[in-house]
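Chemist: Next comes coords-v9.pdb, PDB, C-alpha atoms and all ligand atoms:
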ATOM      1  CA  MET A 997     -82.570  23.020 -16.960
ATOM      2  CA  THR A 998     -84.269  20.787 -19.443
ATOM      3  CA  PHE A 999     -84.967  21.330 -23.109
ATOM      4  CA  ASP A1000     -86.979  18.166 -23.794
ATOM      5  CA  ASP A1001     -89.183  18.588 -26.884
ATOM      6  CA  ARG A1002     -87.451  21.851 -27.772
ATOM      7  CA  VAL A1003     -85.417  22.709 -30.831
ATOM      8  CA  ALA A1004     -82.292  24.873 -30.663
ATOM      9  CA  LEU A1005     -80.651  26.491 -33.681
ATOM     10  CA  VAL A1006     -77.010  27.416 -33.013
ATOM     11  CA  THR A1007     -74.946  29.374 -35.547
ATOM     12  CA  GLY A1008     -71.179  29.021 -35.674
ATOM     13  CA  ALA A1009     -71.695  25.612 -34.087
ATOM     14  CA  GLY A1010     -68.831  23.916 -35.892
ATOM     15  CA  SER A1011     -66.236  25.271 -33.460
ATOM     16  CA  GLY A1012     -65.539  26.887 -30.125
ATOM     17  CA  ILE A1013     -68.398  28.423 -28.167
ATOM     18  CA  GLY A1014     -71.078  27.404 -30.683
ATOM     19  CA  ARG A1015     -69.938  23.784 -30.647
ATOM     20  CA  ALA A1016     -70.085  23.772 -26.839
ATOM     21  CA  MET A1017     -73.589  25.279 -26.961
ATOM     22  CA  ALA A1018     -74.836  22.669 -29.460
ATOM     23  CA  VAL A1019     -73.455  19.800 -27.361
ATOM     24  CA  ALA A1020     -74.866  21.278 -24.133
ATOM     25  CA  PHE A1021     -78.370  21.842 -25.553
ATOM     26  CA  ALA A1022     -78.420  18.264 -26.872
ATOM     27  CA  LYS A1023     -77.303  16.915 -23.462
ATOM     28  CA  ALA A1024     -80.162  18.908 -21.915
ATOM     29  CA  GLY A1025     -82.687  17.172 -24.169
ATOM     30  CA  ALA A1026     -82.989  19.511 -27.165
ATOM     31  CA  ARG A1027     -82.808  18.634 -30.805
ATOM     32  CA  VAL A1028     -80.176  20.862 -32.355
ATOM     33  CA  VAL A1029     -79.626  22.487 -35.729
ATOM     34  CA  VAL A1030     -75.831  22.699 -36.020
ATOM     35  CA  CYS A1031     -75.227  25.627 -38.356
ATOM     36  CA  ASP A1032     -71.837  26.665 -39.673
ATOM     37  CA  ILE A1033     -70.402  28.156 -42.856
ATOM     38  CA  ASP A1034     -67.949  25.233 -42.769
ATOM     39  CA  ALA A1035     -69.833  22.128 -43.890
ATOM     40  CA  GLY A1036     -67.091  19.810 -42.580
ATOM     41  CA  THR A1037     -67.114  21.025 -38.986
ATOM     42  CA  ALA A1038     -70.920  21.345 -38.881
ATOM     43  CA  GLY A1039     -71.129  17.699 -39.982
ATOM     44  CA  ASP A1040     -68.533  16.610 -37.423
ATOM     45  CA  VAL A1041     -70.403  18.244 -34.527
ATOM     46  CA  ALA A1042     -73.779  16.900 -35.693
ATOM     47  CA  ARG A1043     -72.293  13.374 -35.900
ATOM     48  CA  GLU A1044     -70.729  13.791 -32.455
ATOM     49  CA  ILE A1045     -74.169  14.653 -31.033
ATOM     50  CA  GLY A1046     -75.911  11.861 -32.939
ATOM     51  CA  ASP A1047     -79.622  11.422 -33.609
ATOM     52  CA  ALA A1048     -80.609  14.642 -31.886
ATOM     53  CA  ALA A1049     -78.796  16.878 -34.387
ATOM     54  CA  VAL A1050     -78.880  17.951 -37.994
ATOM     55  CA  ALA A1051     -76.054  19.788 -39.735
ATOM     56  CA  ALA A1052     -76.874  22.867 -41.797
ATOM     57  CA  THR A1053     -74.310  24.727 -43.852
ATOM     58  CA  ALA A1054     -75.102  28.435 -44.103
ATOM     59  CA  ASP A1055     -73.458  31.839 -44.369
ATOM     60  CA  ILE A1056     -75.336  33.988 -41.865
ATOM     61  CA  GLY A1057     -74.294  37.107 -43.770
ATOM     62  CA  ASP A1058     -76.274  36.031 -46.828
ATOM     63  CA  ALA A1059     -80.068  36.403 -46.741
ATOM     64  CA  SER A1060     -80.871  33.539 -49.131
ATOM     65  CA  SER A1061     -78.515  31.217 -47.256
ATOM     66  CA  VAL A1062     -80.271  32.142 -44.017
ATOM     67  CA  GLU A1063     -83.708  31.457 -45.535
ATOM     68  CA  ALA A1064     -82.479  27.992 -46.533
ATOM     69  CA  LEU A1065     -81.089  27.458 -43.009
ATOM     70  CA  VAL A1066     -84.397  28.243 -41.329
ATOM     71  CA  GLY A1067     -86.159  26.117 -43.955
ATOM     72  CA  THR A1068     -83.930  23.162 -42.991
ATOM     73  CA  ALA A1069     -84.732  23.659 -39.298
ATOM     74  CA  ILE A1070     -88.476  23.797 -39.893
ATOM     75  CA  SER A1071     -88.587  20.932 -42.403
ATOM     76  CA  THR A1072     -86.491  18.733 -40.081
ATOM     77  CA  TYR A1073     -87.998  19.511 -36.679
ATOM     78  CA  GLY A1074     -91.146  21.574 -37.385
ATOM     79  CA  ARG A1075     -90.277  24.370 -34.952
ATOM     80  CA  ILE A1076     -87.521  26.499 -33.408
ATOM     81  CA  ASP A1077     -87.648  27.263 -29.671
ATOM     82  CA  VAL A1078     -84.151  28.592 -29.044
ATOM     83  CA  LEU A1079     -81.930  30.630 -31.340
ATOM     84  CA  CYS A1080     -78.277  31.145 -30.445
ATOM     85  CA  ASN A1081     -76.844  33.826 -32.709
ATOM     86  CA  ASN A1082     -73.261  32.878 -32.031
ATOM     87  CA  ALA A1083     -71.293  32.886 -35.314
ATOM     88  CA  GLY A1084     -68.791  35.697 -35.537
ATOM     89  CA  ILE A1085     -65.378  36.724 -36.834
ATOM     90  CA  MET A1086     -62.617  38.948 -35.466
ATOM     91  CA  ASP A1087     -61.132  42.029 -37.021
ATOM     92  CA  THR A1088     -57.371  42.632 -37.173
ATOM     93  CA  MET A1089     -57.478  44.984 -34.153
ATOM     94  CA  ALA A1090     -57.181  47.908 -36.573
ATOM     95  CA  LEU A1091     -57.982  51.299 -35.004
ATOM     96  CA  PRO A1092     -60.610  53.616 -36.541
ATOM     97  CA  ALA A1093     -58.123  55.621 -38.650
ATOM     98  CA  ASP A1094     -56.447  52.510 -40.014
ATOM     99  CA  ILE A1095     -59.134  49.963 -40.828
ATOM    100  CA  PRO A1096     -59.628  49.234 -44.536
ATOM    101  CA  LEU A1097     -63.239  49.543 -45.738
ATOM    102  CA  ASP A1098     -63.393  45.928 -46.941
ATOM    103  CA  GLN A1099     -62.465  44.664 -43.458
ATOM    104  CA  TRP A1100     -65.063  46.954 -41.842
ATOM    105  CA  GLU A1101     -67.759  45.681 -44.219
ATOM    106  CA  ARG A1102     -66.827  41.993 -43.812
ATOM    107  CA  VAL A1103     -66.895  42.116 -39.998
ATOM    108  CA  LEU A1104     -70.138  44.137 -39.853
ATOM    109  CA  ARG A1105     -71.730  41.809 -42.431
ATOM    110  CA  VAL A1106     -71.113  38.649 -40.412
ATOM    111  CA  ASN A1107     -71.290  39.856 -36.814
ATOM    112  CA  LEU A1108     -74.134  42.362 -37.025
ATOM    113  CA  THR A1109     -76.049  41.902 -40.295
ATOM    114  CA  GLY A1110     -75.744  38.112 -39.928
ATOM    115  CA  THR A1111     -77.190  38.240 -36.415
ATOM    116  CA  PHE A1112     -80.002  40.432 -37.734
ATOM    117  CA  LEU A1113     -80.719  38.189 -40.751
ATOM    118  CA  VAL A1114     -81.096  35.007 -38.698
ATOM    119  CA  THR A1115     -83.178  36.807 -36.065
ATOM    120  CA  HIS A1116     -85.380  38.317 -38.785
ATOM    121  CA  ALA A1117     -85.954  34.900 -40.385
ATOM    122  CA  VAL A1118     -86.618  33.065 -37.110
ATOM    123  CA  LEU A1119     -88.905  35.620 -35.408
ATOM    124  CA  PRO A1120     -92.024  34.795 -37.477
ATOM    125  CA  HIS A1121     -91.744  31.180 -36.279
ATOM    126  CA  LEU A1122     -91.338  32.213 -32.626
ATOM    127  CA  LEU A1123     -94.301  34.584 -32.942
ATOM    128  CA  GLY A1124     -96.374  31.870 -34.619
ATOM    129  CA  GLN A1125     -95.595  29.425 -31.803
ATOM    130  CA  GLY A1126     -96.292  31.976 -29.081
ATOM    131  CA  GLY A1127     -92.755  32.382 -27.783
ATOM    132  CA  GLY A1128     -89.133  31.372 -27.659
ATOM    133  CA  ALA A1129     -85.711  32.472 -26.490
ATOM    134  CA  ILE A1130     -82.837  34.133 -28.322
ATOM    135  CA  VAL A1131     -79.301  34.278 -26.924
ATOM    136  CA  ASN A1132     -76.817  36.435 -28.803
ATOM    137  CA  THR A1133     -73.068  36.032 -28.394
ATOM    138  CA  ALA A1134     -71.765  39.594 -28.199
ATOM    139  CA  SER A1135     -68.425  40.341 -26.527
ATOM    140  CA  GLU A1136     -66.768  42.545 -23.957
ATOM    141  CA  ALA A1137     -66.161  44.661 -27.078
ATOM    142  CA  GLY A1138     -69.918  45.222 -27.092
ATOM    143  CA  ILE A1139     -69.679  47.455 -24.012
ATOM    144  CA  ARG A1140     -66.080  48.738 -24.132
ATOM    145  CA  GLY A1141     -64.019  50.700 -26.647
ATOM    146  CA  GLY A1142     -60.664  49.102 -25.925
ATOM    147  CA  ALA A1143     -61.303  45.366 -26.209
ATOM    148  CA  ALA A1144     -60.924  44.951 -29.999
ATOM    149  CA  GLY A1145     -60.492  46.898 -33.225
ATOM    150  CA  ALA A1146     -63.000  49.423 -34.576
ATOM    151  CA  ALA A1147     -65.043  47.031 -36.731
ATOM    152  CA  TYR A1148     -65.436  44.268 -34.145
ATOM    153  CA  THR A1149     -66.214  46.834 -31.429
ATOM    154  CA  ALA A1150     -68.886  48.552 -33.533
ATOM    155  CA  SER A1151     -70.373  45.224 -34.646
ATOM    156  CA  LYS A1152     -70.683  43.893 -31.095
ATOM    157  CA  HIS A1153     -72.138  47.188 -29.804
ATOM    158  CA  GLY A1154     -74.668  46.693 -32.607
ATOM    159  CA  VAL A1155     -75.436  43.174 -31.377
ATOM    160  CA  VAL A1156     -76.081  44.608 -27.893
ATOM    161  CA  GLY A1157     -78.461  47.181 -29.392
ATOM    162  CA  LEU A1158     -80.267  44.578 -31.481
ATOM    163  CA  THR A1159     -80.619  42.385 -28.396
ATOM    164  CA  LYS A1160     -82.376  45.183 -26.518
ATOM    165  CA  SER A1161     -84.529  46.095 -29.522
ATOM    166  CA  VAL A1162     -85.806  42.510 -29.893
ATOM    167  CA  ALA A1163     -86.278  42.140 -26.116
ATOM    168  CA  TRP A1164     -88.349  45.313 -25.960
ATOM    169  CA  ALA A1165     -90.356  44.709 -29.143
ATOM    170  CA  TYR A1166     -91.551  41.184 -28.333
ATOM    171  CA  ALA A1167     -91.652  41.051 -24.533
ATOM    172  CA  LYS A1168     -95.434  40.691 -24.610
ATOM    173  CA  ASP A1169     -95.231  37.900 -27.207
ATOM    174  CA  GLY A1170     -93.384  35.441 -24.969
ATOM    175  CA  ILE A1171     -90.070  36.024 -26.717
ATOM    176  CA  ARG A1172     -86.984  36.775 -24.636
ATOM    177  CA  CYS A1173     -83.702  38.013 -26.084
ATOM    178  CA  ASN A1174     -80.497  38.270 -24.060
ATOM    179  CA  ALA A1175     -76.789  38.492 -24.817
ATOM    180  CA  ILE A1176     -73.659  37.009 -23.307
ATOM    181  CA  LEU A1177     -70.394  38.918 -23.369
ATOM    182  CA  PRO A1178     -67.611  36.329 -23.322
ATOM    183  CA  GLY A1179     -64.219  37.309 -22.019
ATOM    184  CA  PRO A1180     -61.211  35.749 -23.773
ATOM    185  CA  THR A1181     -62.134  32.115 -24.444
ATOM    186  CA  MET A1182     -60.150  29.133 -25.762
ATOM    187  CA  THR A1183     -61.509  28.748 -29.316
ATOM    188  CA  ASN A1184     -60.279  28.891 -32.894
ATOM    189  CA  ILE A1185     -61.290  32.516 -33.516
ATOM    190  CA  ALA A1186     -57.742  33.889 -33.586
ATOM    191  CA  ASN A1187     -56.216  30.991 -35.540
ATOM    192  CA  GLY A1188     -54.179  32.340 -38.435
ATOM    193  CA  ALA A1189     -54.993  35.948 -37.519
ATOM    194  CA  SER A1190     -52.550  38.669 -38.456
ATOM    195  CA  PHE A1191     -52.931  41.740 -36.312
ATOM    196  CA  ASP A1192     -52.562  45.380 -37.263
ATOM    197  CA  PRO A1193     -49.358  46.443 -35.448
ATOM    198  CA  ALA A1194     -50.627  49.853 -34.239
ATOM    199  CA  GLY A1195     -53.923  48.425 -33.001
ATOM    200  CA  ALA A1196     -52.289  45.445 -31.332
ATOM    201  CA  ALA A1197     -49.812  47.732 -29.551
ATOM    202  CA  ARG A1198     -52.632  49.917 -28.168
ATOM    203  CA  LEU A1199     -54.967  47.041 -27.280
ATOM    204  CA  GLY A1200     -52.365  44.577 -26.002
ATOM    205  CA  PRO A1201     -52.095  45.893 -22.420
ATOM    206  CA  VAL A1202     -55.909  45.898 -22.017
ATOM    207  CA  LEU A1203     -56.305  42.427 -23.480
ATOM    208  CA  ALA A1204     -53.510  41.120 -21.257
ATOM    209  CA  LEU A1205     -55.698  41.940 -18.246
ATOM    210  CA  GLY A1206     -58.243  39.473 -19.585
ATOM    211  CA  GLU A1207     -55.795  36.717 -20.293
ATOM    212  CA  ARG A1208     -57.357  34.287 -17.795
ATOM    213  CA  LEU A1209     -58.916  32.195 -20.561
ATOM    214  CA  ALA A1210     -62.373  30.688 -20.274
ATOM    215  CA  GLN A1211     -63.433  27.343 -21.681
ATOM    216  CA  PRO A1212     -66.209  27.356 -24.312
ATOM    217  CA  GLU A1213     -68.356  25.207 -22.010
ATOM    218  CA  GLN A1214     -68.480  28.091 -19.500
ATOM    219  CA  MET A1215     -70.100  30.243 -22.198
ATOM    220  CA  ALA A1216     -72.496  27.436 -23.105
ATOM    221  CA  ASP A1217     -73.622  27.123 -19.470
ATOM    222  CA  ALA A1218     -74.577  30.823 -19.437
ATOM    223  CA  ALA A1219     -76.426  30.535 -22.748
ATOM    224  CA  LEU A1220     -78.360  27.477 -21.553
ATOM    225  CA  TYR A1221     -79.453  29.299 -18.441
ATOM    226  CA  LEU A1222     -80.604  32.381 -20.372
ATOM    227  CA  ALA A1223     -82.529  30.187 -22.858
ATOM    228  CA  SER A1224     -84.133  28.104 -20.113
ATOM    229  CA  ASP A1225     -87.361  28.504 -18.160
ATOM    230  CA  ALA A1226     -85.188  29.245 -15.108
ATOM    231  CA  ALA A1227     -84.565  32.648 -16.736
ATOM    232  CA  SER A1228     -88.230  33.209 -17.625
ATOM    233  CA  PHE A1229     -88.257  36.880 -16.494
ATOM    234  CA  ILE A1230     -84.794  37.784 -17.800
ATOM    235  CA  ASN A1231     -85.178  39.743 -21.009
ATOM    236  CA  GLY A1232     -82.844  42.301 -22.603
ATOM    237  CA  ALA A1233     -80.003  41.414 -20.217
ATOM    238  CA  ILE A1234     -76.420  41.961 -21.351
ATOM    239  CA  VAL A1235     -74.454  39.456 -19.299
ATOM    240  CA  PRO A1236     -70.656  39.511 -18.969
ATOM    241  CA  VAL A1237     -69.234  35.991 -18.715
ATOM    242  CA  ASP A1238     -65.651  36.981 -18.107
ATOM    243  CA  GLY A1239     -64.531  35.974 -14.628
ATOM    244  CA  GLY A1240     -64.703  39.607 -13.517
ATOM    245  CA  TRP A1241     -62.608  41.205 -16.269
ATOM    246  CA  SER A1242     -65.145  43.911 -17.088
ATOM    247  CA  ALA A1243     -65.680  44.682 -13.399
ATOM    248  CA  ALA A1244     -62.218  46.297 -13.212
TER     249      ALA A1244
HETATM  250  N1  LIG A1301     -63.162  33.364 -28.244
HETATM  251  C1  LIG A1301     -63.247  34.536 -27.619
HETATM  252  O1  LIG A1301     -62.343  34.933 -26.880
HETATM  253  C2  LIG A1301     -64.487  35.380 -27.799
HETATM  254  C3  LIG A1301     -64.654  36.504 -26.956
HETATM  255  C4  LIG A1301     -65.784  37.293 -27.102
HETATM  256  C5  LIG A1301     -66.737  36.965 -28.037
HETATM  257  N2  LIG A1301     -66.564  35.882 -28.847
HETATM  258  C6  LIG A1301     -67.598  35.584 -29.831
HETATM  259  O2  LIG A1301     -67.983  34.233 -29.708
HETATM  260  C7  LIG A1301     -68.576  33.804 -30.933
HETATM  261  C8  LIG A1301     -68.029  32.438 -31.298
HETATM  262  O3  LIG A1301     -66.653  32.571 -31.577
HETATM  263  P1  LIG A1301     -65.559  31.479 -31.147
HETATM  264  O4  LIG A1301     -64.608  32.188 -30.272
HETATM  265  O5  LIG A1301     -66.203  30.235 -30.694
HETATM  266  O6  LIG A1301     -64.798  31.300 -32.540
HETATM  267  P2  LIG A1301     -64.560  30.040 -33.505
HETATM  268  O7  LIG A1301     -63.819  30.627 -34.662
HETATM  269  O8  LIG A1301     -63.958  28.921 -32.759
HETATM  270  O9  LIG A1301     -66.034  29.635 -33.951
HETATM  271  C9  LIG A1301     -66.800  30.486 -34.777
HETATM  272  C10 LIG A1301     -67.536  29.639 -35.807
HETATM  273  O10 LIG A1301     -68.359  30.525 -36.600
HETATM  274  C11 LIG A1301     -68.291  30.080 -37.946
HETATM  275  N3  LIG A1301     -68.605  31.190 -38.855
HETATM  276  C12 LIG A1301     -67.815  32.236 -39.187
HETATM  277  N4  LIG A1301     -68.434  33.009 -40.090
HETATM  278  C13 LIG A1301     -69.649  32.446 -40.324
HETATM  279  C14 LIG A1301     -70.730  32.781 -41.171
HETATM  280  N5  LIG A1301     -70.680  33.844 -41.982
HETATM  281  N6  LIG A1301     -71.828  31.983 -41.166
HETATM  282  C15 LIG A1301     -71.879  30.879 -40.372
HETATM  283  N7  LIG A1301     -70.873  30.499 -39.557
HETATM  284  C16 LIG A1301     -69.767  31.281 -39.531
HETATM  285  C17 LIG A1301     -66.859  29.602 -38.119
HETATM  286  O11 LIG A1301     -66.737  28.718 -39.241
HETATM  287  C18 LIG A1301     -66.603  28.914 -36.787
HETATM  288  O12 LIG A1301     -66.922  27.535 -36.833
HETATM  289  C19 LIG A1301     -68.275  34.916 -31.939
HETATM  290  O13 LIG A1301     -69.433  35.712 -32.128
HETATM  291  C20 LIG A1301     -67.202  35.722 -31.262
HETATM  292  O14 LIG A1301     -67.190  37.066 -31.704
HETATM  293  C21 LIG A1301     -65.461  35.085 -28.739
END
Once more with this new file: its structure as structure tokens, please.
Modeler:
Amino acid sequence: MTFDDRVALVTGAGSGIGRAMAVAFAKAGARVVVCDIDAGTAGDVAREIGDAAVAATADIGDASSVEALVGTAISTYGRIDVLCNNAGIMDTMALPADIPLDQWERVLRVNLTGTFLVTHAVLPHLLGQGGGAIVNTASEAGIRGGAAGAAYTASKHGVVGLTKSVAWAYAKDGIRCNAILPGPTMTNIANGASFDPAGAARLGPVLALGERLAQPEQMADAALYLASDAASFINGAIVPVDGGWSAA
């Protein structure tokens, strides 16, 4: 799988799965826009990659920030071939009756509206170029009700729906859109998290079944494949990358 002469934009690339994706695309020959809301980590990853990367600080949940992000990608590299909508945040595992509205809105804003905003801003460039590939990072919580709290579950089901909508709408325009569903993966997403006791008690036994942790690089490998020409007829696929957890 080679990405020579291609440009990949990865959101949430300052840490975890997004960082692994950015590094992997660069190793495969791409130039990479390393986007994160955290300027420090975006800069660190871009420096680690070297000449083939540019750091871009952006909040994917904010439309003007996203416009500036896509502007940076186009002014730096002139095109975008691959978009990895990867940035996301967890909820506190709160169940539907318990989740505070502000938590619901924050998680939906980043995970779902953010994925939409970046897609919406990048699509005109893909259409103008005659094609491209989008890989969304959803979650097992995008196909199951018991893998996270209400907000995260609803947001990731939304990402799955948006993936299929984009895949269907632009299939004849050379644009493919697929999603990976990571199982539990060694990243920083749960650092400092405080969990809702009732939700954690209900979800704990299910999550324990998925406790064989993946490495971020295993998610990046799947994303590279889906973005590559080797997957040229794969469009609208929702791909578990979980070592078999969701097969149970
Ligand atoms: N780690 C897991 O077990 C797991 C499982 C399933 C799905 N996922 C999904 O994988 C994706 C990556 O998460 P991760 O586990 O690597 O977590 P992580 O916390 O290590 O990395 C996420 C990155 O996204 C950035 N980010 C957060 N909000 C942002 C915003 N508004 N705009 C731009 N960047 C933002 C963070 O600063 C961070 O660098 C997320 O969408 C997450 O929901 C993770």
Chemist: Please, which residues in chain A fall within 6 Å of ligand LIG 1301 (chain A) when counting all atoms listed in the file, and what is the closest atom pair and distance in Å to one decimal for each, ordered by chain then residue number, as a Markdown table?
Modeler:
| residue | atom | partner | partner_atom | distance |
| --- | --- | --- | --- | --- |
| A:Thr1007 | CA | A:LIG1301 | N7 | 5.8 |
| A:Gly1008 | CA | A:LIG1301 | O10 | 3.3 |
| A:Ala1009 | CA | A:LIG1301 | O12 | 5.8 |
| A:Gly1010 | CA | A:LIG1301 | O12 | 4.2 |
| A:Ser1011 | CA | A:LIG1301 | O12 | 4.1 |
| A:Gly1012 | CA | A:LIG1301 | O5 | 3.5 |
| A:Ile1013 | CA | A:LIG1301 | O5 | 3.8 |
| A:Gly1014 | CA | A:LIG1301 | O5 | 5.6 |
| A:Asp1032 | CA | A:LIG1301 | N7 | 4.0 |
| A:Ile1033 | CA | A:LIG1301 | C15 | 4.0 |
| A:Asp1034 | CA | A:LIG1301 | O11 | 5.1 |
| A:Ala1054 | CA | A:LIG1301 | C15 | 5.5 |
| A:Asp1055 | CA | A:LIG1301 | N6 | 3.6 |
| A:Ile1056 | CA | A:LIG1301 | N6 | 4.1 |
| A:Gly1057 | CA | A:LIG1301 | N5 | 5.2 |
| A:Asn1082 | CA | A:LIG1301 | O13 | 4.8 |
| A:Ala1083 | CA | A:LIG1301 | O10 | 4.0 |
| A:Gly1084 | CA | A:LIG1301 | O13 | 3.5 |
| A:Ile1085 | CA | A:LIG1301 | O14 | 5.5 |
| A:Val1106 | CA | A:LIG1301 | N5 | 5.1 |
| A:Thr1133 | CA | A:LIG1301 | O13 | 5.2 |
| A:Ala1134 | CA | A:LIG1301 | C5 | 5.7 |
| A:Ser1135 | CA | A:LIG1301 | C5 | 4.1 |
| A:Pro1178 | CA | A:LIG1301 | C4 | 4.3 |
| A:Gly1179 | CA | A:LIG1301 | C3 | 5.0 |
| A:Pro1180 | CA | A:LIG1301 | O1 | 3.4 |
| A:Thr1181 | CA | A:LIG1301 | O1 | 3.7 |
| A:Met1182 | CA | A:LIG1301 | N1 | 5.8 |
| A:Thr1183 | CA | A:LIG1301 | O8 | 4.2 |
| A:Asn1184 | CA | A:LIG1301 | O8 | 3.7 |
| A:Ile1185 | CA | A:LIG1301 | O7 | 3.4 |
Chemist: Calculated over all atoms listed in the file, which of the candidates A:Phe1112, A:Phe1191, A:Tyr1221, A:Tyr1166 has the smallest distance to Ala1024 of chain A?
Modeler: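 Of the candidates, the smallest distance to Ala1024 of chain A is held by A:Tyr1221.
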Chemist: Dump as a ChimeraX atom specification all residues having an atom at most 9 Å from (-62.1, 44.6, -23.7), computed in the file's coordinates with only C-alpha atoms.
Modeler: /A:1135-1144,1179-1180,1199,1202-1203,1205-1206,1241-1242
Chemist: Take the residues that were just selected and, keeping C-alpha atoms, output them as a short mmCIF file (atom, residue, chain, number, x, y, z; two decimals), in the frame of the given file.
Modeler:
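What landed in selection.cif:
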data_model
loop_
_atom_site.label_atom_id
_atom_site.label_comp_id
_atom_site.auth_asym_id
_atom_site.auth_seq_id
_atom_site.Cartn_x
_atom_site.Cartn_y
_atom_site.Cartn_z
CA SER A 1135 -68.42 40.34 -26.53
CA GLU A 1136 -66.77 42.54 -23.96
CA ALA A 1137 -66.16 44.66 -27.08
CA GLY A 1138 -69.92 45.22 -27.09
CA ILE A 1139 -69.68 47.46 -24.01
CA ARG A 1140 -66.08 48.74 -24.13
CA GLY A 1141 -64.02 50.70 -26.65
CA GLY A 1142 -60.66 49.10 -25.92
CA ALA A 1143 -61.30 45.37 -26.21
CA ALA A 1144 -60.92 44.95 -30.00
CA GLY A 1179 -64.22 37.31 -22.02
CA PRO A 1180 -61.21 35.75 -23.77
CA LEU A 1199 -54.97 47.04 -27.28
CA VAL A 1202 -55.91 45.90 -22.02
CA LEU A 1203 -56.30 42.43 -23.48
CA LEU A 1205 -55.70 41.94 -18.25
CA GLY A 1206 -58.24 39.47 -19.58
CA TRP A 1241 -62.61 41.20 -16.27
CA SER A 1242 -65.14 43.91 -17.09
#
Chemist: Any chance you could work out the axis-aligned box around segment 1162-1175 of chain A, listed atoms only, 8 Å on each side, giving centre and edge lengths in Å to one decimal, as JSON?
Modeler:
{"center_x": -86.1, "center_y": 40.4, "center_z": -27.0, "size_x": 34.6, "size_y": 25.9, "size_z": 21.8}
Chemist: Just checking: using all atoms listed in the file, which residue out of A:Arg1105, A:Arg1027, A:His1116, A:Arg1172 ends up closest to Lys1152 of chain A?
Modeler: A:Arg1105
Chemist: In Å, how far is it from atom CA of Ala1049 of chain A to atom CA of Ala1020 of chain A?
Modeler: 11.8 Å
Chemist: Find the residues around Ala1146 of chain A up to 9 Å (all atoms listed in the file counted), leave out those fewer than 4 positions away in its own chain, and share them as a list in words.
Modeler: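 Result of the neighbour search: Asp1087, Met1089, Ala1090, Leu1091, Pro1092, Ala1093, Ile1095, Trp1100, Gly1141, Gly1142, Ala1150 and Ser1151 of chain A.
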Chemist: Neighbours of segment 1223-1229 of chain A within 7 Å (all atoms listed in the file; same-chain residues fewer than 2 positions away dropped), as a list of chain:residue names?
Modeler: A:Met997, A:Val1078, A:Ala1129, A:Ile1130, A:Val1131, A:Ala1219, A:Leu1220, A:Tyr1221, A:Asn1231
Chemist: From the options A:Val1114, A:Asp1047, A:Met1086, A:Ser1161, which residue's atoms come nearest to Ser1060 of chain A, counting all atoms listed in the file?
Modeler: A:Val1114
Chemist: Any idea what the distance is between atom CA of Leu1104 of chain A and atom CA of Ser1190 of chain A?
Modeler: 18.5 Å
Chemist: How many Å lie between atom CA of Ala1216 of chain A and atom CA of Gly1170 of chain A, rounded to one decimal?
Modeler: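 Distance between the two atoms: 22.4 Å.
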Chemist: Neighbourhood query: residues within 9 Å of (-94.4, 30.2, -30.9), file coordinates, counting only C-alpha atoms; return as a PDB file with C-alpha atoms, in the coordinates of the input.
Modeler:
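File result04.pdb, as written:
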ATOM      1  CA  ARG A1075     -90.277  24.370 -34.952  1.00  0.00           C
ATOM      2  CA  ILE A1076     -87.521  26.499 -33.408  1.00  0.00           C
ATOM      3  CA  ASP A1077     -87.648  27.263 -29.671  1.00  0.00           C
ATOM      4  CA  LEU A1119     -88.905  35.620 -35.408  1.00  0.00           C
ATOM      5  CA  PRO A1120     -92.024  34.795 -37.477  1.00  0.00           C
ATOM      6  CA  HIS A1121     -91.744  31.180 -36.279  1.00  0.00           C
ATOM      7  CA  LEU A1122     -91.338  32.213 -32.626  1.00  0.00           C
ATOM      8  CA  LEU A1123     -94.301  34.584 -32.942  1.00  0.00           C
ATOM      9  CA  GLY A1124     -96.374  31.870 -34.619  1.00  0.00           C
ATOM     10  CA  GLN A1125     -95.595  29.425 -31.803  1.00  0.00           C
ATOM     11  CA  GLY A1126     -96.292  31.976 -29.081  1.00  0.00           C
ATOM     12  CA  GLY A1127     -92.755  32.382 -27.783  1.00  0.00           C
ATOM     13  CA  GLY A1128     -89.133  31.372 -27.659  1.00  0.00           C
ATOM     14  CA  ASP A1169     -95.231  37.900 -27.207  1.00  0.00           C
ATOM     15  CA  GLY A1170     -93.384  35.441 -24.969  1.00  0.00           C
ATOM     16  CA  ILE A1171     -90.070  36.024 -26.717  1.00  0.00           C
TER      17      ILE A1171
END
Chemist: Which one is closest to Gln1214 of chain A: A:Ala1042, A:Ala1018, A:Ala1189, A:Val1237? Count all atoms listed in the file.
Modeler: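 Using all atoms listed in the file, Gln1214 of chain A sits closest to A:Val1237.
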Chemist: So, with all atoms listed in the file as the atoms that count, which of A:Ile1070, A:Cys1080, A:Ala1059, A:Leu1222 lies closest to Met1017 of chain A?
Modeler: A:Cys1080
Chemist: Pull out every residue that the PyMOL selection byres (((chain A and resi 1001) around 12) and not hetatm) matches in the shown coordinates and put them as a ChimeraX atom specification.
Modeler: /A:998-1000,1002-1004,1021-1022,1024-1028,1048,1073-1078
Chemist: Pick the closest to Asp1238 of chain A from A:Arg1102, A:Arg1198, A:Arg1208, A:Lys1160: which is it, counting all atoms listed in the file?
Modeler: A:Arg1208
